Amino acid sequence: MVGALVAYAALVGCANRDAALTADDVLRDAVLIDTHIDTPFRIERHGLRDTRVRPAPRIRCRTRTRGQLATAFMSIFVPASVDEAGDGIALADRLIDHVEALAESSQGRAGLVSCVADVYALKTAGRVGLALGMENGGPLAADAAAVEHFADRGVRYVTLAHGKANAFSDSSYDATRPWGGLSPAGVAMVGRLNALGIMVDVSHLSDDAFWDVLEASALPVIASHSSVRALTPGFERNLSDDMIRALAAKAGVVQINFGSSFISAAARAWQSRFEEVFVRYLADARVTFDSAAARTFRTQYLAAHPYPRADLAVVLDHIDHVVSLVGSRHVGLGSDFDGVGDTLPTGIGDVSMYPNLVQGLIERGYDRRAIKQILGENLLRVWQANEDFAEQQGRTTQCRT
């Protein structure tokens with residue numbers, strides 16, 4: 001299969017660097033991809049037609065048009081508690097159903113994406129692509145046929161674990177580390193994902209699991225929504241400089257998370273303190289996380305301790321840091337829109353604001369070529385490598401267009 005990236009480059013042409021470059025100039029032919037948007041789980045909780053969802057999701061079609069988003073990876077997020085209860089496969093299927101319903105109800109403005117060629121076809125047609133990434137591979141351990149099932153439904157990356165260790169991997173958020181990295185089943189799953197053309201995602205994994213993935217994978221991997229640990233010291237959820245270098249050496253890409261607590265040391269400290277106080281409150285008051293009393297407590301805490309929201313400049317700082325380490329070919333965007341609550345930085349609060357980010361990159365001296373790499377070409381390169389490998393193993397690429 002001829003790489004879709006090459007074909008698209010031939011179609012749109014390559015513009016020379018322009019001293020008067022603007023965000024609109026870049027976005028006109030850039031393929032902007034965000035690898036982590038949590039809208040499906042929000043729909044699961046509130047309903048497709050609930051007023052909290054329809055006007056508010058950060059990927060509605062009108063804002064996408066203003067922001068020039070080409071493809072969004074919809075997160076098929078399975079909480080550890082659901083996985084442990086044995087309901088992970090059913091939830092993942094429902095979340096994919098929600099994405100399909102979004103596409104069907106978009107009046108032609110959105111379409112499903114299952115391969116790299118789909119991304120370019122929908123971009124050319126002026127439609128937004130909806131791709132699928134599974135956040136928490138735990139449910140895949142429940143049924144030997146599950147990984148093939150979700151590959152057939154369109155899942156194109158899998159985050160091996162989420163908030164707790166599972167059958168495949170230890171988690172950066174979990175003090176319990178039963179495997180010391182990947183389990184034997186996790187190593188085997190990396191091989192299965194490679195063979196199916198599904199990108200392996202190292203976000204959320206413990207450091208040891210990260211290194212195990214790099215050793216086990218025959219292909220470049222991604223961090224779908226992670227940022228830079230050097231700018232958030234001590235936060236294992238983000239990648240260290242050594243990890244970023246190793247990811248790049250394997251031709252992978254780190255997709256920067258926009259959430260303030262992922263990019264700002266001040267916001268991280270606030271979040272850690274709040275979680276400590278909140279957990280203690282829940283235990284003392286004997287109320288649940290989503291109870292009215294808990295919501296009141298959060299509101300009162302926020303009023304007394306204002307959240308130190310980051311701004312767009314901090315997102316750019318994280319991009320700069322990766323580029324300073326490994327160049328512009330190994331960084332992209334994984335916003336975590338609809339997944340980090342009301343913690344998004346000023347200047348990049350939804351998909352309509354991507355032009356602000358592009359303008360910020362221009363003002364920091366990035367040229368058109370580098371910006372287009374960051375916006376989507378880097379991710380597409382990794383995706384194409386995974387597709388090509390699967391085809392070499394005899395698996396036919398399944399496209400929607």
# chains A, B, ... in the order shown; residues from 1 in each chain; ligands from 1
>>> select_by_dssp(residues="range 109-354 of chain A", states="strand (DSSP E)", output="list of chain:residue names")
A:Ala110, A:Gly111, A:Leu112, A:Val128, A:Gly129, A:Leu130, A:Ala131, A:Leu132, A:Gly133, A:Met134, A:Glu135, A:Val155, A:Arg156, A:Tyr157, A:Val158, A:Thr159, A:Met199, A:Val200, A:Asp201, A:Ile222, A:Ala223, A:Val253, A:Val254, A:Gln255, A:Ile256, A:Val331, A:Gly332, A:Leu333
>>> write_last_selection(atoms="N, CA and C atoms", output="short mmCIF file (atom, residue, chain, number, x, y, z; two decimals), in the first residue's frame")
data_model
loop_
_atom_site.label_atom_id
_atom_site.label_comp_id
_atom_site.auth_asym_id
_atom_site.auth_seq_id
_atom_site.Cartn_x
_atom_site.Cartn_y
_atom_site.Cartn_z
N ALA A 110 -19.09 14.64 9.92
CA ALA A 110 -18.08 13.78 10.54
C ALA A 110 -18.19 12.38 9.96
N GLY A 111 -17.09 11.66 10.02
CA GLY A 111 -17.07 10.29 9.54
C GLY A 111 -16.12 9.45 10.36
N LEU A 112 -16.32 8.15 10.35
CA LEU A 112 -15.46 7.24 11.10
C LEU A 112 -14.15 7.01 10.36
N VAL A 128 -14.72 16.05 9.57
CA VAL A 128 -13.89 15.65 10.70
C VAL A 128 -13.90 14.13 10.83
N GLY A 129 -12.73 13.56 11.07
CA GLY A 129 -12.62 12.13 11.26
C GLY A 129 -12.70 11.77 12.73
N LEU A 130 -13.37 10.67 13.02
CA LEU A 130 -13.48 10.14 14.38
C LEU A 130 -12.80 8.78 14.41
N ALA A 131 -11.63 8.73 15.01
CA ALA A 131 -10.88 7.49 15.18
C ALA A 131 -11.07 6.98 16.60
N LEU A 132 -10.61 5.76 16.87
CA LEU A 132 -10.84 5.14 18.17
C LEU A 132 -9.53 4.71 18.82
N GLY A 133 -9.36 5.09 20.09
CA GLY A 133 -8.25 4.61 20.89
C GLY A 133 -8.78 4.06 22.20
N MET A 134 -8.40 2.84 22.56
CA MET A 134 -8.89 2.23 23.80
C MET A 134 -7.98 2.60 24.97
N GLU A 135 -8.56 3.26 25.97
CA GLU A 135 -7.80 3.65 27.16
C GLU A 135 -8.08 2.65 28.28
N VAL A 155 -10.67 0.13 16.60
CA VAL A 155 -9.69 0.62 17.58
C VAL A 155 -8.30 0.59 16.95
N ARG A 156 -7.59 1.74 17.05
CA ARG A 156 -6.30 1.84 16.40
C ARG A 156 -5.15 2.20 17.34
N TYR A 157 -5.44 2.39 18.61
CA TYR A 157 -4.37 2.32 19.62
C TYR A 157 -4.97 1.79 20.91
N VAL A 158 -4.11 1.19 21.73
CA VAL A 158 -4.52 0.66 23.02
C VAL A 158 -3.54 1.15 24.09
N THR A 159 -4.07 1.83 25.10
CA THR A 159 -3.32 2.18 26.31
C THR A 159 -3.39 0.95 27.22
N MET A 199 -1.57 0.68 17.27
CA MET A 199 -0.47 1.34 17.97
C MET A 199 -0.52 1.04 19.47
N VAL A 200 0.64 0.79 20.05
CA VAL A 200 0.75 0.60 21.50
C VAL A 200 0.96 1.96 22.14
N ASP A 201 0.16 2.25 23.16
CA ASP A 201 0.19 3.54 23.85
C ASP A 201 0.79 3.35 25.24
N ILE A 222 3.40 5.15 20.78
CA ILE A 222 2.99 6.52 21.09
C ILE A 222 2.74 6.66 22.59
N ALA A 223 2.83 7.91 23.05
CA ALA A 223 2.26 8.30 24.34
C ALA A 223 1.11 9.22 23.99
N VAL A 253 6.32 8.89 19.15
CA VAL A 253 5.89 10.28 19.32
C VAL A 253 5.18 10.43 20.65
N VAL A 254 5.45 11.55 21.35
CA VAL A 254 4.74 11.90 22.57
C VAL A 254 3.74 12.99 22.25
N GLN A 255 2.48 12.73 22.56
CA GLN A 255 1.38 13.65 22.27
C GLN A 255 1.06 14.43 23.55
N ILE A 256 1.27 15.73 23.52
CA ILE A 256 1.22 16.54 24.74
C ILE A 256 -0.20 16.70 25.26
N VAL A 331 6.86 14.80 18.48
CA VAL A 331 5.92 15.44 19.40
C VAL A 331 4.65 15.77 18.65
N GLY A 332 3.51 15.67 19.36
CA GLY A 332 2.22 15.98 18.77
C GLY A 332 1.25 16.42 19.85
N LEU A 333 -0.05 16.30 19.56
CA LEU A 333 -1.09 16.85 20.42
C LEU A 333 -2.05 15.75 20.89
#
>>> residues_around(residues="Ser227 in chain A", least_positions_apart="6", cutoff="9 Å", atoms="only C-alpha atoms", output="number ranges by chain")
A: 237-239, 254-258, 262-263, 315, 318-319
>>> closest_residue(among="A:Ser105, A:Gln68, A:Phe210, A:Val322", to="Val26 in chain A", atoms="only C-alpha atoms")
A:Gln68
>>> atom_distance(atom1="CA of Phe274 in chain A", atom2="CA of Asp338 in chain A")
20.1 Å
>>> select_by_dssp(residues="range 223-298 of chain A", states="helix (DSSP H, G or I)", output="PyMOL selection string")
chain A and resi 229-231+241-249+260-263+265-285+292-298
>>> write_last_selection(atoms="N, CA and C atoms", output="compact mmCIF listing (two decimals), in the first residue's frame")
# COMPACT_ATOMS: atom_id res chain seq x y z
N ARG A 229 7.96 15.36 32.16
CA ARG A 229 8.19 15.27 33.61
C ARG A 229 9.17 16.33 34.11
N ALA A 230 10.11 16.72 33.28
CA ALA A 230 11.09 17.73 33.72
C ALA A 230 10.41 19.04 34.11
N LEU A 231 9.23 19.31 33.55
CA LEU A 231 8.49 20.54 33.86
C LEU A 231 7.45 20.31 34.94
N ASP A 241 13.04 12.84 30.53
CA ASP A 241 13.83 13.14 29.34
C ASP A 241 14.42 11.87 28.73
N ASP A 242 14.88 10.95 29.57
CA ASP A 242 15.43 9.69 29.04
C ASP A 242 14.35 8.90 28.30
N MET A 243 13.13 8.92 28.82
CA MET A 243 12.04 8.20 28.17
C MET A 243 11.70 8.85 26.83
N ILE A 244 11.69 10.17 26.79
CA ILE A 244 11.40 10.87 25.54
C ILE A 244 12.47 10.54 24.49
N ARG A 245 13.72 10.54 24.91
CA ARG A 245 14.80 10.20 23.96
C ARG A 245 14.65 8.77 23.45
N ALA A 246 14.31 7.86 24.34
CA ALA A 246 14.16 6.46 23.94
C ALA A 246 12.97 6.27 23.01
N LEU A 247 11.87 6.96 23.31
CA LEU A 247 10.69 6.90 22.45
C LEU A 247 11.03 7.39 21.06
N ALA A 248 11.78 8.49 20.99
CA ALA A 248 12.17 9.05 19.70
C ALA A 248 13.14 8.12 18.97
N ALA A 249 14.04 7.48 19.71
CA ALA A 249 14.99 6.57 19.08
C ALA A 249 14.28 5.39 18.42
N SER A 260 -4.07 21.30 32.91
CA SER A 260 -3.15 22.13 33.70
C SER A 260 -2.30 21.30 34.66
N SER A 261 -2.90 20.28 35.28
CA SER A 261 -2.14 19.50 36.26
C SER A 261 -1.13 18.57 35.60
N PHE A 262 -1.18 18.44 34.27
CA PHE A 262 -0.20 17.66 33.54
C PHE A 262 0.97 18.51 33.06
N ILE A 263 0.78 19.83 33.04
CA ILE A 263 1.81 20.68 32.45
C ILE A 263 2.37 21.74 33.40
N ALA A 265 3.59 22.76 37.31
CA ALA A 265 3.96 22.26 38.64
C ALA A 265 3.03 22.80 39.71
N ALA A 266 2.60 24.06 39.55
CA ALA A 266 1.69 24.66 40.54
C ALA A 266 0.34 23.96 40.53
N ALA A 267 -0.19 23.70 39.33
CA ALA A 267 -1.48 23.01 39.23
C ALA A 267 -1.35 21.56 39.71
N ARG A 268 -0.20 20.93 39.45
CA ARG A 268 0.01 19.57 39.92
C ARG A 268 0.00 19.51 41.44
N ALA A 269 0.67 20.49 42.07
CA ALA A 269 0.70 20.53 43.54
C ALA A 269 -0.69 20.75 44.10
N TRP A 270 -1.46 21.65 43.46
CA TRP A 270 -2.83 21.90 43.90
C TRP A 270 -3.65 20.62 43.79
N GLN A 271 -3.53 19.93 42.67
CA GLN A 271 -4.30 18.71 42.44
C GLN A 271 -3.96 17.64 43.47
N SER A 272 -2.67 17.48 43.74
CA SER A 272 -2.25 16.46 44.72
C SER A 272 -2.81 16.77 46.10
N ARG A 273 -2.76 18.04 46.48
CA ARG A 273 -3.29 18.43 47.79
C ARG A 273 -4.80 18.23 47.85
N PHE A 274 -5.50 18.62 46.79
CA PHE A 274 -6.95 18.44 46.77
C PHE A 274 -7.32 16.96 46.88
N GLU A 275 -6.65 16.11 46.12
CA GLU A 275 -6.97 14.68 46.16
C GLU A 275 -6.77 14.11 47.56
N GLU A 276 -5.73 14.55 48.23
CA GLU A 276 -5.48 14.09 49.60
C GLU A 276 -6.61 14.51 50.54
N VAL A 277 -6.99 15.79 50.44
CA VAL A 277 -8.06 16.31 51.30
C VAL A 277 -9.40 15.67 50.95
N PHE A 278 -9.66 15.50 49.66
CA PHE A 278 -10.94 14.99 49.20
C PHE A 278 -11.14 13.53 49.61
N VAL A 279 -10.11 12.73 49.45
CA VAL A 279 -10.20 11.32 49.85
C VAL A 279 -10.48 11.21 51.35
N ARG A 280 -9.82 12.04 52.12
CA ARG A 280 -10.07 12.02 53.56
C ARG A 280 -11.49 12.45 53.89
N TYR A 281 -11.99 13.47 53.16
CA TYR A 281 -13.37 13.92 53.36
C TYR A 281 -14.37 12.81 53.06
N LEU A 282 -14.18 12.13 51.92
CA LEU A 282 -15.11 11.06 51.54
C LEU A 282 -15.16 9.97 52.61
N ALA A 283 -14.00 9.63 53.15
CA ALA A 283 -13.96 8.59 54.18
C ALA A 283 -14.63 9.06 55.47
N ASP A 284 -14.34 10.29 55.87
CA ASP A 284 -14.90 10.80 57.13
C ASP A 284 -16.41 11.01 57.03
N ALA A 285 -16.85 11.54 55.88
CA ALA A 285 -18.28 11.84 55.70
C ALA A 285 -19.08 10.63 55.24
N ALA A 292 -24.08 14.48 46.03
CA ALA A 292 -24.31 15.93 46.12
C ALA A 292 -23.39 16.55 47.17
N ALA A 293 -23.20 15.85 48.28
CA ALA A 293 -22.33 16.37 49.33
C ALA A 293 -20.89 16.53 48.84
N ALA A 294 -20.43 15.56 48.05
CA ALA A 294 -19.07 15.64 47.51
C ALA A 294 -18.94 16.79 46.52
N ARG A 295 -19.96 17.00 45.70
CA ARG A 295 -19.92 18.12 44.76
C ARG A 295 -19.87 19.44 45.52
N THR A 296 -20.65 19.55 46.58
CA THR A 296 -20.63 20.77 47.40
C THR A 296 -19.25 20.99 48.01
N PHE A 297 -18.65 19.92 48.50
CA PHE A 297 -17.31 20.03 49.08
C PHE A 297 -16.31 20.54 48.05
N ARG A 298 -16.36 19.99 46.83
CA ARG A 298 -15.44 20.43 45.78
C ARG A 298 -15.63 21.91 45.48
>>> closest_residue(among="A:Ala390, A:Ile37, A:Ala92, A:Ala125", to="Gly108 in chain A", atoms="only C-alpha atoms")
A:Ala125
>>> closest_residue(among="A:Gly163, A:Gly252, A:Pro139, A:Pro233", to="Trp383 in chain A", atoms="only C-alpha atoms")
A:Gly252
>>> closest_residue(among="A:Ala144, A:Ala209, A:Ile76, A:Asn194", to="Ser172 in chain A", atoms="only C-alpha atoms")
A:Ala209
>>> residues_around(residues="range 364-373 of chain A", least_positions_apart="5", cutoff="12 Å", atoms="only C-alpha atoms", output="tab-separated table (two decimals) with N, CA and C atoms, in the first residue's frame")
chain	number	residue	atom	x	y	z
A	5	LEU	N	0.41	9.30	3.47
A	5	LEU	CA	1.07	10.57	3.75
A	5	LEU	C	1.75	11.11	2.51
A	9	ALA	N	0.74	14.52	0.43
A	9	ALA	CA	1.72	15.58	0.23
A	9	ALA	C	1.78	15.98	-1.24
A	13	GLY	N	0.80	19.76	-2.21
A	13	GLY	CA	2.01	20.51	-2.48
A	13	GLY	C	2.72	20.92	-1.21
A	14	CYS	N	3.93	21.41	-1.36
A	14	CYS	CA	4.74	21.82	-0.21
A	14	CYS	C	5.07	23.29	-0.34
A	15	ALA	N	4.55	24.08	0.58
A	15	ALA	CA	4.77	25.52	0.52
A	15	ALA	C	6.12	25.87	1.12
A	16	ASN	N	6.74	26.92	0.61
A	16	ASN	CA	7.99	27.40	1.17
A	16	ASN	C	7.73	28.18	2.44
A	17	ARG	N	8.77	28.29	3.24
A	17	ARG	CA	8.65	29.06	4.47
A	17	ARG	C	8.36	30.51	4.12
A	18	ASP	N	7.43	31.10	4.87
A	18	ASP	CA	6.98	32.46	4.59
A	18	ASP	C	7.18	33.29	5.84
A	19	ALA	N	7.90	34.40	5.70
A	19	ALA	CA	8.18	35.25	6.85
A	19	ALA	C	6.90	35.78	7.48
A	20	ALA	N	5.82	35.89	6.68
A	20	ALA	CA	4.54	36.40	7.20
A	20	ALA	C	3.57	35.26	7.47
A	21	LEU	N	4.08	34.11	7.81
A	21	LEU	CA	3.26	32.92	8.04
A	21	LEU	C	2.22	33.17	9.12
A	22	THR	N	0.99	32.70	8.87
A	22	THR	CA	-0.09	32.81	9.85
A	22	THR	C	-0.62	31.42	10.17
A	23	ALA	N	-1.39	31.35	11.25
A	23	ALA	CA	-2.00	30.08	11.63
A	23	ALA	C	-2.91	29.56	10.52
A	24	ASP	N	-3.68	30.44	9.91
A	24	ASP	CA	-4.57	30.01	8.82
A	24	ASP	C	-3.78	29.42	7.66
A	25	ASP	N	-2.62	30.01	7.35
A	25	ASP	CA	-1.79	29.48	6.28
A	25	ASP	C	-1.40	28.02	6.56
A	26	VAL	N	-0.99	27.77	7.78
A	26	VAL	CA	-0.54	26.43	8.15
A	26	VAL	C	-1.70	25.45	8.17
A	27	LEU	N	-2.80	25.87	8.79
A	27	LEU	CA	-3.93	24.96	8.98
A	27	LEU	C	-4.65	24.63	7.69
A	28	ARG	N	-4.46	25.44	6.67
A	28	ARG	CA	-5.16	25.20	5.41
A	28	ARG	C	-4.83	23.83	4.85
A	29	ASP	N	-3.57	23.41	4.93
A	29	ASP	CA	-3.22	22.10	4.38
A	29	ASP	C	-2.60	21.16	5.41
A	30	ALA	N	-2.51	21.59	6.66
A	30	ALA	CA	-2.04	20.68	7.71
A	30	ALA	C	-3.11	19.65	8.02
A	31	VAL	N	-2.68	18.50	8.50
A	31	VAL	CA	-3.61	17.46	8.95
A	31	VAL	C	-3.52	17.43	10.47
A	32	LEU	N	-4.47	18.10	11.11
A	32	LEU	CA	-4.43	18.28	12.56
A	32	LEU	C	-5.11	17.10	13.24
A	33	ILE	N	-4.35	16.40	14.07
A	33	ILE	CA	-4.86	15.21	14.76
A	33	ILE	C	-4.68	15.38	16.26
A	253	VAL	N	6.32	8.89	19.15
A	253	VAL	CA	5.89	10.28	19.32
A	253	VAL	C	5.18	10.43	20.65
A	255	GLN	N	2.48	12.73	22.56
A	255	GLN	CA	1.38	13.65	22.27
A	255	GLN	C	1.06	14.43	23.55
A	313	ALA	N	0.89	29.26	26.92
A	313	ALA	CA	2.35	29.32	26.88
A	313	ALA	C	2.99	28.10	27.52
A	316	LEU	N	3.00	25.24	25.11
A	316	LEU	CA	4.08	25.46	24.16
A	316	LEU	C	5.44	25.14	24.78
A	317	ASP	N	5.59	25.42	26.07
A	317	ASP	CA	6.84	25.09	26.76
A	317	ASP	C	7.11	23.58	26.70
A	319	ILE	N	5.99	21.46	24.40
A	319	ILE	CA	6.38	21.15	23.02
A	319	ILE	C	7.84	21.54	22.79
A	320	ASP	N	8.19	22.76	23.22
A	320	ASP	CA	9.58	23.22	23.07
A	320	ASP	C	10.57	22.25	23.72
A	323	VAL	N	11.05	19.18	21.61
A	323	VAL	CA	11.80	19.53	20.40
A	323	VAL	C	13.27	19.76	20.73
A	327	GLY	N	13.99	16.93	18.58
A	327	GLY	CA	13.55	17.49	17.31
A	327	GLY	C	12.04	17.48	17.15
A	328	SER	N	11.58	18.06	16.06
A	328	SER	CA	10.15	18.28	15.86
A	328	SER	C	9.41	17.06	15.32
A	329	ARG	N	10.11	15.94	15.06
A	329	ARG	CA	9.46	14.76	14.49
A	329	ARG	C	8.89	13.80	15.53
A	330	HIS	N	8.97	14.17	16.80
A	330	HIS	CA	8.57	13.21	17.83
A	330	HIS	C	7.64	13.82	18.88
A	331	VAL	N	6.86	14.80	18.48
A	331	VAL	CA	5.92	15.44	19.40
A	331	VAL	C	4.65	15.77	18.65
A	332	GLY	N	3.51	15.67	19.36
A	332	GLY	CA	2.22	15.98	18.77
A	332	GLY	C	1.25	16.42	19.85
A	333	LEU	N	-0.05	16.30	19.56
A	333	LEU	CA	-1.09	16.85	20.42
A	333	LEU	C	-2.05	15.75	20.89
A	354	TYR	N	-7.32	25.72	18.47
A	354	TYR	CA	-6.06	25.24	17.92
A	354	TYR	C	-5.30	26.34	17.16
A	355	PRO	N	-5.98	27.24	16.44
A	355	PRO	CA	-5.22	28.31	15.78
A	355	PRO	C	-4.36	29.12	16.76
A	357	LEU	N	-2.76	27.90	19.30
A	357	LEU	CA	-1.56	27.10	19.50
A	357	LEU	C	-0.63	27.22	18.30
A	358	VAL	N	-1.20	27.16	17.11
A	358	VAL	CA	-0.38	27.27	15.90
A	358	VAL	C	0.29	28.64	15.85
A	359	GLN	N	-0.46	29.69	16.15
A	359	GLN	CA	0.13	31.03	16.15
A	359	GLN	C	1.25	31.13	17.18
A	378	ASN	N	3.57	13.59	12.41
A	378	ASN	CA	4.35	12.65	13.22
A	378	ASN	C	3.51	11.45	13.64
A	379	LEU	N	2.30	11.72	14.10
A	379	LEU	CA	1.41	10.64	14.50
A	379	LEU	C	1.06	9.76	13.30
A	380	LEU	N	0.81	10.39	12.17
A	380	LEU	CA	0.46	9.62	10.97
A	380	LEU	C	1.62	8.73	10.52
A	381	ARG	N	2.83	9.20	10.70
A	381	ARG	CA	4.00	8.37	10.35
A	381	ARG	C	4.03	7.09	11.18
A	382	VAL	N	3.78	7.23	12.49
A	382	VAL	CA	3.76	6.06	13.37
A	382	VAL	C	2.60	5.14	13.01
>>> residues_around(residues="Arg94 in chain A", least_positions_apart="6", cutoff="10 Å", atoms="only C-alpha atoms", output="VMD selection string")
chain A and resid 40 to 41 44 76 88 100
>>> atom_distance(atom1="CA of Gly137 in chain A", atom2="CA of Ala85 in chain A")
14.4 Å
>>> atom_distance(atom1="CA of Gly376 in chain A", atom2="CA of Ala117 in chain A")
13.5 Å
>>> closest_residue(among="A:Ala251, A:Ala167, A:Ala146, A:Leu205", to="Ala218 in chain A", atoms="only C-alpha atoms")
A:Ala251
